[in-house]
>>> print(open('upload.pdb').read())   # PDB, C-alpha atoms
MODEL        1
ATOM      1  CA  MET A 947      15.328  13.945  28.524  1.00  0.00           C
ATOM      2  CA  ARG A 948      15.329  13.144  24.802  1.00  0.00           C
ATOM      3  CA  VAL A 949      12.183  14.196  22.951  1.00  0.00           C
ATOM      4  CA  TYR A 950      11.267  13.834  19.290  1.00  0.00           C
ATOM      5  CA  VAL A 951       9.602  16.840  17.681  1.00  0.00           C
ATOM      6  CA  PRO A 952       7.580  16.223  14.501  1.00  0.00           C
ATOM      7  CA  LEU A 953       8.037  18.812  11.749  1.00  0.00           C
ATOM      8  CA  THR A 954       7.945  19.285   8.004  1.00  0.00           C
ATOM      9  CA  LEU A 955      10.877  20.482   5.901  1.00  0.00           C
ATOM     10  CA  SER A 956       9.345  23.978   5.824  1.00  0.00           C
ATOM     11  CA  GLY A 957       8.972  23.822   9.615  1.00  0.00           C
ATOM     12  CA  LEU A 958      12.630  22.807   9.880  1.00  0.00           C
ATOM     13  CA  ALA A 959      13.606  25.727   7.621  1.00  0.00           C
ATOM     14  CA  GLU A 960      11.684  28.098   9.888  1.00  0.00           C
ATOM     15  CA  ALA A 961      13.357  26.606  12.974  1.00  0.00           C
ATOM     16  CA  TYR A 962      16.747  27.080  11.336  1.00  0.00           C
ATOM     17  CA  LYS A 963      15.923  30.698  10.517  1.00  0.00           C
ATOM     18  CA  THR A 964      14.633  31.553  14.018  1.00  0.00           C
ATOM     19  CA  GLY A 965      16.957  29.285  15.993  1.00  0.00           C
ATOM     20  CA  GLU A 966      14.093  27.620  17.830  1.00  0.00           C
ATOM     21  CA  LEU A 967      11.631  24.796  17.332  1.00  0.00           C
ATOM     22  CA  GLY A 968       8.975  26.876  19.012  1.00  0.00           C
ATOM     23  CA  ALA A 969       7.739  28.213  22.287  1.00  0.00           C
ATOM     24  CA  GLY A 970       5.951  25.815  24.587  1.00  0.00           C
ATOM     25  CA  PRO A 971       3.815  24.045  24.980  1.00  0.00           C
ATOM     26  CA  LEU A 972       5.309  22.151  22.053  1.00  0.00           C
ATOM     27  CA  LEU A 973       4.057  18.721  20.954  1.00  0.00           C
ATOM     28  CA  ALA A 974       6.762  16.070  21.030  1.00  0.00           C
ATOM     29  CA  TYR A 975       7.166  12.351  21.702  1.00  0.00           C
ATOM     30  CA  ALA A 976       9.292  10.623  24.320  1.00  0.00           C
ATOM     31  CA  VAL A 977       9.648   7.429  26.296  1.00  0.00           C
ATOM     32  CA  THR A 978       6.686   7.770  28.660  1.00  0.00           C
ATOM     33  CA  PRO A 979       5.315   5.201  31.128  1.00  0.00           C
ATOM     34  CA  ALA A 980       2.410   4.508  28.751  1.00  0.00           C
ATOM     35  CA  LEU A 981       4.804   3.962  25.830  1.00  0.00           C
ATOM     36  CA  ARG A 982       6.896   1.597  27.965  1.00  0.00           C
ATOM     37  CA  GLU A 983       3.782  -0.391  28.879  1.00  0.00           C
ATOM     38  CA  TRP A 984       2.559  -0.507  25.271  1.00  0.00           C
ATOM     39  CA  TYR A 985       5.931  -1.466  23.780  1.00  0.00           C
ATOM     40  CA  LEU A 986       6.751  -4.064  26.438  1.00  0.00           C
ATOM     41  CA  SER A 987      10.500  -3.542  26.385  1.00  0.00           C
ATOM     42  CA  ASP A 988      13.124  -2.372  28.839  1.00  0.00           C
ATOM     43  CA  ASP A 989      15.650  -1.628  26.081  1.00  0.00           C
ATOM     44  CA  ILE A 990      15.935   2.173  26.010  1.00  0.00           C
ATOM     45  CA  GLU A 991      17.112   2.206  22.380  1.00  0.00           C
ATOM     46  CA  GLU A 992      14.040   0.241  21.293  1.00  0.00           C
ATOM     47  CA  LEU A 993      11.797   2.544  23.329  1.00  0.00           C
ATOM     48  CA  GLU A 994      13.385   5.664  21.840  1.00  0.00           C
ATOM     49  CA  TYR A 995      12.943   4.160  18.375  1.00  0.00           C
ATOM     50  CA  ALA A 996       9.252   3.642  19.174  1.00  0.00           C
ATOM     51  CA  ALA A 997       8.978   7.296  20.291  1.00  0.00           C
ATOM     52  CA  LEU A 998      10.743   8.381  17.074  1.00  0.00           C
ATOM     53  CA  ASN A 999       8.212   6.383  15.030  1.00  0.00           C
ATOM     54  CA  ARG A1000       5.314   7.997  16.918  1.00  0.00           C
ATOM     55  CA  ALA A1001       6.807  11.397  16.031  1.00  0.00           C
ATOM     56  CA  ALA A1002       7.169  10.306  12.394  1.00  0.00           C
ATOM     57  CA  LEU A1003       3.436   9.535  12.321  1.00  0.00           C
ATOM     58  CA  ALA A1004       2.750  12.984  13.790  1.00  0.00           C
ATOM     59  CA  SER A1005       4.948  14.478  11.055  1.00  0.00           C
ATOM     60  CA  LEU A1006       2.829  12.597   8.508  1.00  0.00           C
ATOM     61  CA  ARG A1007      -0.246  14.262  10.045  1.00  0.00           C
ATOM     62  CA  LEU A1008       1.413  17.658   9.577  1.00  0.00           C
ATOM     63  CA  LEU A1009       2.015  16.778   5.921  1.00  0.00           C
ATOM     64  CA  ALA A1010      -1.612  15.709   5.483  1.00  0.00           C
ATOM     65  CA  ALA A1011      -2.702  19.120   6.792  1.00  0.00           C
ATOM     66  CA  ASP A1012      -0.293  21.063   4.538  1.00  0.00           C
ATOM     67  CA  ALA A1013      -0.704  20.179   0.869  1.00  0.00           C
ATOM     68  CA  GLY A1014       2.188  22.472  -0.078  1.00  0.00           C
ATOM     69  CA  ALA A1015       4.781  20.844   2.182  1.00  0.00           C
ATOM     70  CA  ALA A1016       7.483  18.647   0.676  1.00  0.00           C
ATOM     71  CA  ARG A1017       6.397  15.040   1.170  1.00  0.00           C
ATOM     72  CA  ARG A1018       9.143  13.973   3.552  1.00  0.00           C
ATOM     73  CA  ARG A1019       8.625  13.287   7.244  1.00  0.00           C
ATOM     74  CA  VAL A1020      10.913  15.226   9.588  1.00  0.00           C
ATOM     75  CA  VAL A1021      11.647  14.557  13.259  1.00  0.00           C
ATOM     76  CA  VAL A1022      14.086  16.541  15.374  1.00  0.00           C
ATOM     77  CA  ALA A1023      15.641  14.731  18.341  1.00  0.00           C
ATOM     78  CA  VAL A1024      16.289  17.272  21.066  1.00  0.00           C
ATOM     79  CA  ASP A1025      17.392  17.108  24.673  1.00  0.00           C
ATOM     80  CA  VAL A1026      15.332  19.081  27.188  1.00  0.00           C
ATOM     81  CA  ALA A1027      15.489  19.357  30.963  1.00  0.00           C
ATOM     82  CA  ASP A1028      13.802  16.424  32.709  1.00  0.00           C
ATOM     83  CA  GLY A1029      10.960  18.543  34.105  1.00  0.00           C
ATOM     84  CA  ALA A1030      10.352  20.386  30.820  1.00  0.00           C
ATOM     85  CA  ALA A1031       8.288  17.636  29.184  1.00  0.00           C
ATOM     86  CA  GLY A1032       5.251  15.845  30.516  1.00  0.00           C
ATOM     87  CA  ALA A1033       2.461  13.608  29.315  1.00  0.00           C
ATOM     88  CA  ASP A1034      -1.145  14.744  29.615  1.00  0.00           C
ATOM     89  CA  PRO A1035      -2.624  12.450  32.290  1.00  0.00           C
ATOM     90  CA  ASP A1036      -6.057  12.732  30.656  1.00  0.00           C
ATOM     91  CA  ARG A1037      -4.653  11.256  27.415  1.00  0.00           C
ATOM     92  CA  ALA A1038      -2.193   8.764  28.927  1.00  0.00           C
ATOM     93  CA  LEU A1039      -4.297   5.727  27.991  1.00  0.00           C
ATOM     94  CA  ASP A1040      -5.424   7.044  24.597  1.00  0.00           C
ATOM     95  CA  PRO A1041      -3.693   4.836  21.985  1.00  0.00           C
ATOM     96  CA  SER A1042      -3.309   7.814  19.638  1.00  0.00           C
ATOM     97  CA  ALA A1043      -1.379   9.700  22.353  1.00  0.00           C
ATOM     98  CA  LEU A1044       1.203   7.024  23.229  1.00  0.00           C
ATOM     99  CA  GLY A1045       4.516   8.743  23.903  1.00  0.00           C
ATOM    100  CA  GLU A1046       3.002  12.181  23.433  1.00  0.00           C
ATOM    101  CA  VAL A1047       4.404  14.918  25.662  1.00  0.00           C
ATOM    102  CA  ARG A1048       4.144  18.694  25.866  1.00  0.00           C
ATOM    103  CA  VAL A1049       7.388  20.593  26.237  1.00  0.00           C
ATOM    104  CA  THR A1050       7.179  23.827  28.191  1.00  0.00           C
ATOM    105  CA  GLY A1051       9.319  26.839  27.420  1.00  0.00           C
ATOM    106  CA  THR A1052      11.199  27.680  24.265  1.00  0.00           C
ATOM    107  CA  VAL A1053      13.012  24.809  22.577  1.00  0.00           C
ATOM    108  CA  ARG A1054      16.229  26.039  20.967  1.00  0.00           C
ATOM    109  CA  LEU A1055      17.386  24.297  17.805  1.00  0.00           C
ATOM    110  CA  ALA A1056      20.899  24.410  19.292  1.00  0.00           C
ATOM    111  CA  LYS A1057      19.735  21.727  21.773  1.00  0.00           C
ATOM    112  CA  ALA A1058      18.968  19.321  18.914  1.00  0.00           C
ATOM    113  CA  ALA A1059      20.996  16.131  18.885  1.00  0.00           C
ATOM    114  CA  ALA A1060      20.037  15.063  15.358  1.00  0.00           C
ATOM    115  CA  VAL A1061      17.473  15.390  12.609  1.00  0.00           C
ATOM    116  CA  HIS A1062      15.682  12.413  11.054  1.00  0.00           C
ATOM    117  CA  VAL A1063      14.269  12.857   7.535  1.00  0.00           C
ATOM    118  CA  ASP A1064      12.836  10.629   4.836  1.00  0.00           C
ATOM    119  CA  SER A1065      15.029   9.984   1.826  1.00  0.00           C
ATOM    120  CA  ASP A1066      13.926  11.238  -1.589  1.00  0.00           C
ATOM    121  CA  ASP A1067      12.801   7.736  -2.582  1.00  0.00           C
ATOM    122  CA  ALA A1068      10.187   7.730   0.202  1.00  0.00           C
ATOM    123  CA  GLU A1069       8.268  10.704  -1.207  1.00  0.00           C
ATOM    124  CA  GLU A1070       5.826   8.654  -3.301  1.00  0.00           C
ATOM    125  CA  ASP A1071       4.850   6.413  -0.373  1.00  0.00           C
ATOM    126  CA  VAL A1072       4.731   9.352   2.064  1.00  0.00           C
ATOM    127  CA  THR A1073       2.495  11.290  -0.340  1.00  0.00           C
ATOM    128  CA  ALA A1074       0.128   8.317  -0.632  1.00  0.00           C
ATOM    129  CA  ALA A1075       0.144   7.851   3.150  1.00  0.00           C
ATOM    130  CA  ALA A1076      -0.648  11.517   3.804  1.00  0.00           C
ATOM    131  CA  ASP A1077      -3.519  11.297   1.321  1.00  0.00           C
ATOM    132  CA  ALA A1078      -4.853   8.098   2.958  1.00  0.00           C
ATOM    133  CA  LEU A1079      -4.485   9.202   6.577  1.00  0.00           C
ATOM    134  CA  GLU A1080      -8.027  10.518   7.056  1.00  0.00           C
ATOM    135  CA  ALA A1081      -9.576   7.325   5.689  1.00  0.00           C
ATOM    136  CA  ALA A1082      -7.215   5.205   7.816  1.00  0.00           C
ATOM    137  CA  ASP A1083      -8.264   7.139  10.913  1.00  0.00           C
ATOM    138  CA  ALA A1084     -11.873   6.365  10.013  1.00  0.00           C
ATOM    139  CA  GLY A1085     -11.123   2.623  10.041  1.00  0.00           C
ATOM    140  CA  ASP A1086     -10.434   1.897   6.361  1.00  0.00           C
ATOM    141  CA  ASP A1087      -8.070  -1.104   6.373  1.00  0.00           C
ATOM    142  CA  ASP A1088      -6.844  -0.477   2.810  1.00  0.00           C
ATOM    143  CA  ALA A1089      -5.984   3.115   3.701  1.00  0.00           C
ATOM    144  CA  GLN A1090      -4.192   1.912   6.854  1.00  0.00           C
ATOM    145  CA  PHE A1091      -2.111  -0.405   4.665  1.00  0.00           C
ATOM    146  CA  VAL A1092      -1.068   2.638   2.594  1.00  0.00           C
ATOM    147  CA  VAL A1093      -0.199   4.608   5.752  1.00  0.00           C
ATOM    148  CA  ASP A1094       1.827   1.666   7.037  1.00  0.00           C
ATOM    149  CA  GLY A1095       3.720   1.707   3.724  1.00  0.00           C
ATOM    150  CA  ALA A1096       5.337   5.005   4.705  1.00  0.00           C
ATOM    151  CA  GLU A1097       6.566   3.368   7.902  1.00  0.00           C
ATOM    152  CA  ASP A1098       8.497   0.874   5.783  1.00  0.00           C
ATOM    153  CA  HIS A1099      10.894   3.740   5.037  1.00  0.00           C
ATOM    154  CA  GLU A1100      13.452   4.340   7.764  1.00  0.00           C
ATOM    155  CA  LEU A1101      14.096   7.969   8.533  1.00  0.00           C
ATOM    156  CA  LEU A1102      17.688   8.887   7.763  1.00  0.00           C
ATOM    157  CA  TRP A1103      19.897  10.398  10.470  1.00  0.00           C
ATOM    158  CA  TYR A1104      21.458  13.814   9.874  1.00  0.00           C
ATOM    159  CA  ALA A1105      23.764  15.862  12.057  1.00  0.00           C
ATOM    160  CA  THR A1106      22.420  19.285  12.954  1.00  0.00           C
ATOM    161  CA  GLN A1107      25.180  20.850  10.843  1.00  0.00           C
ATOM    162  CA  GLU A1108      23.454  19.359   7.796  1.00  0.00           C
ATOM    163  CA  ILE A1109      20.188  21.269   8.342  1.00  0.00           C
ATOM    164  CA  PRO A1110      21.060  24.058   5.846  1.00  0.00           C
ATOM    165  CA  ASN A1111      21.486  21.447   3.097  1.00  0.00           C
ATOM    166  CA  LEU A1112      18.249  19.665   4.077  1.00  0.00           C
ATOM    167  CA  VAL A1113      16.204  22.867   3.813  1.00  0.00           C
ATOM    168  CA  GLY A1114      17.898  24.115   0.645  1.00  0.00           C
ATOM    169  CA  LEU A1115      20.051  26.827   2.243  1.00  0.00           C
ATOM    170  CA  GLY A1116      23.371  25.032   1.897  1.00  0.00           C
ATOM    171  CA  GLY A1117      26.113  26.255  -0.371  1.00  0.00           C
TER     172      GLY A1117
ENDMDL
END
>>> encode(input="upload.pdb", output="structure tokens")
Amino acid sequence: MRVYVPLTLSGLAEAYKTGELGAGPLLAYAVTPALREWYLSDDIEELEYAALNRAALASLRLLAADAGAARRRVVVAVDVADGAAGADPDRALDPSALGEVRVTGTVRLAKAAAVHVDSDDAEEDVTAAADALEAADAGDDDAQFVVDGAEDHELLWYATQEIPNLVGLGG
């Protein structure tokens, strides 16, 4: 099963150093029944893209909580065993939890298929979105517009071999 783990660049650097994204339960996003129902598509690529975008929003939340983190959203696509990830049935219908899963056990970075990261030119919009997130959550339409502005930036795809360069450890 493909899951999308939201991180920050510093979180990615830590994962690279330790070789793991973390021990479970680990928050991730995947194509869940609730996400399928919400997105109204049978195209698995479209559904995975929707799960990736949900993880990107979760990465934005991590940035909002960490003022020192580089203002670039990070999502790691990783393959886990089918039974290793599950949605919380109590949150299945919560719109803020669409696609959300908990991954049990340790998730090794070696299982990552790819890393998705904002480009440098997204930093200004991502910074503004992180700053506006709390107000958007409270119902401020102008703040939601700012948050949506970050979503206008597509996350770039990187091979896992490029992680050292992404986190500033490349030669």
>>> closest_residue(input="upload.pdb", among="A:Val1024, A:Ala980, A:Leu1009, A:Ala1001", to="Ala1074 in chain A", atoms="all atoms listed in the file")
A:Leu1009
>>> resolve_selection(input="upload.pdb", expression="the PyMOL selection byres ((chain A and resi 1098-1105) around 10)", output="ChimeraX atom specification")
/A:998-999,1002,1018-1023,1058-1065,1067-1069,1071-1072,1093-1097,1106-1109,1112
>>> closest_atom_pairs(input="upload.pdb", of="range 990-1010 of chain A", to="range 1044-1057 of chain A", cutoff="9 Å", atoms="only C-alpha atoms", output="CSV")
residue,atom,partner,partner_atom,distance
A:Ala996,CA,A:Gly1045,CA,8.4
A:Ala997,CA,A:Gly1045,CA,5.9
A:Arg1000,CA,A:Gly1045,CA,7.1
A:Ala1001,CA,A:Glu1046,CA,8.4
>>> atom_distance(input="upload.pdb", atom1="CA of Val949 in chain A", atom2="CA of Ala961 in chain A")
16.0 Å
>>> atom_distance(input="upload.pdb", atom1="CA of Ala1033 in chain A", atom2="CA of Glu966 in chain A")
21.5 Å
>>> closest_residue(input="upload.pdb", among="A:Ala969, A:Ala974, A:Pro1110, A:Gln1090", to="Gly1032 in chain A", atoms="only C-alpha atoms")
A:Ala974
>>> atom_distance(input="upload.pdb", atom1="CA of Gly957 in chain A", atom2="CA of Asp1040 in chain A")
26.7 Å
>>> resolve_selection(input="upload.pdb", expression="the PyMOL selection byres ((chain A and resi 1080) around 12)", output="ChimeraX atom specification")
/A:1006-1007,1009-1011,1074-1079,1081-1090,1092-1093
>>> closest_residue(input="upload.pdb", among="A:Ala1027, A:Leu955, A:Ala1043, A:Ala1016", to="Asn1111 in chain A", atoms="all atoms listed in the file")
A:Leu955
>>> decode(input="upload.pdb", residues="range 1010-1023 of chain A", atoms="all heavy atoms", output="short mmCIF file (atom, residue, chain, number, x, y, z; two decimals), in the first residue's frame")
data_model
loop_
_atom_site.label_atom_id
_atom_site.label_comp_id
_atom_site.auth_asym_id
_atom_site.auth_seq_id
_atom_site.Cartn_x
_atom_site.Cartn_y
_atom_site.Cartn_z
N ALA A 1010 3.54 25.29 10.15
CA ALA A 1010 2.89 26.31 10.97
C ALA A 1010 3.26 26.14 12.45
O ALA A 1010 3.35 27.12 13.19
CB ALA A 1010 1.37 26.25 10.80
N ALA A 1011 3.51 24.90 12.86
CA ALA A 1011 3.85 24.62 14.25
C ALA A 1011 5.33 24.77 14.54
O ALA A 1011 5.75 24.77 15.71
CB ALA A 1011 3.41 23.20 14.61
N ASP A 1012 6.16 24.92 13.51
CA ASP A 1012 7.61 25.00 13.67
C ASP A 1012 8.15 26.22 12.92
O ASP A 1012 8.49 26.13 11.74
CB ASP A 1012 8.26 23.72 13.16
CG ASP A 1012 9.77 23.68 13.36
OD1 ASP A 1012 10.36 24.67 13.86
OD2 ASP A 1012 10.37 22.65 13.00
N ALA A 1013 8.21 27.34 13.62
CA ALA A 1013 8.62 28.60 12.98
C ALA A 1013 10.03 28.53 12.40
O ALA A 1013 10.35 29.27 11.48
CB ALA A 1013 8.53 29.74 13.99
N GLY A 1014 10.86 27.64 12.90
CA GLY A 1014 12.24 27.55 12.43
C GLY A 1014 12.43 26.67 11.21
O GLY A 1014 13.52 26.65 10.63
N ALA A 1015 11.41 25.94 10.81
CA ALA A 1015 11.54 25.02 9.68
C ALA A 1015 11.57 25.78 8.36
O ALA A 1015 10.87 26.78 8.20
CB ALA A 1015 10.38 24.02 9.68
N ALA A 1016 12.36 25.28 7.43
CA ALA A 1016 12.39 25.86 6.08
C ALA A 1016 10.99 25.77 5.50
O ALA A 1016 10.30 24.77 5.65
CB ALA A 1016 13.38 25.09 5.21
N ARG A 1017 10.56 26.83 4.86
CA ARG A 1017 9.17 26.94 4.39
C ARG A 1017 8.95 26.23 3.06
O ARG A 1017 8.58 26.83 2.05
CB ARG A 1017 8.77 28.41 4.27
CG ARG A 1017 8.71 29.19 5.59
CD ARG A 1017 8.45 28.30 6.72
NE ARG A 1017 7.48 28.82 7.69
CZ ARG A 1017 7.24 28.20 8.83
NH1 ARG A 1017 7.85 27.11 9.16
NH2 ARG A 1017 6.35 28.68 9.66
N ARG A 1018 9.12 24.92 3.09
CA ARG A 1018 8.86 24.08 1.93
C ARG A 1018 8.15 22.82 2.42
O ARG A 1018 8.62 22.17 3.34
CB ARG A 1018 10.16 23.73 1.21
CG ARG A 1018 10.80 24.96 0.57
CD ARG A 1018 12.20 24.70 0.09
NE ARG A 1018 12.21 23.83 -1.07
CZ ARG A 1018 13.33 23.32 -1.57
NH1 ARG A 1018 14.49 23.56 -1.01
NH2 ARG A 1018 13.28 22.54 -2.63
N ARG A 1019 7.02 22.51 1.81
CA ARG A 1019 6.29 21.31 2.19
C ARG A 1019 7.04 20.07 1.68
O ARG A 1019 7.63 20.11 0.60
CB ARG A 1019 4.88 21.32 1.61
CG ARG A 1019 4.03 22.49 2.11
CD ARG A 1019 2.76 22.65 1.31
NE ARG A 1019 3.12 22.95 -0.09
CZ ARG A 1019 2.31 22.87 -1.13
NH1 ARG A 1019 1.06 22.50 -0.96
NH2 ARG A 1019 2.71 23.16 -2.34
N VAL A 1020 7.00 19.01 2.48
CA VAL A 1020 7.70 17.77 2.15
C VAL A 1020 6.74 16.60 2.37
O VAL A 1020 6.11 16.52 3.42
CB VAL A 1020 8.96 17.58 3.03
CG1 VAL A 1020 9.63 16.25 2.74
CG2 VAL A 1020 9.93 18.74 2.86
N VAL A 1021 6.66 15.71 1.40
CA VAL A 1021 5.86 14.50 1.52
C VAL A 1021 6.70 13.33 0.99
O VAL A 1021 7.24 13.41 -0.11
CB VAL A 1021 4.54 14.60 0.72
CG1 VAL A 1021 3.78 13.27 0.78
CG2 VAL A 1021 3.68 15.74 1.23
N VAL A 1022 6.78 12.29 1.80
CA VAL A 1022 7.51 11.09 1.38
C VAL A 1022 6.48 10.02 1.00
O VAL A 1022 5.60 9.69 1.79
CB VAL A 1022 8.43 10.57 2.50
CG1 VAL A 1022 9.14 9.29 2.06
CG2 VAL A 1022 9.44 11.63 2.90
N ALA A 1023 6.59 9.52 -0.23
CA ALA A 1023 5.74 8.43 -0.69
C ALA A 1023 6.45 7.12 -0.34
O ALA A 1023 7.60 6.92 -0.73
CB ALA A 1023 5.52 8.51 -2.20
#
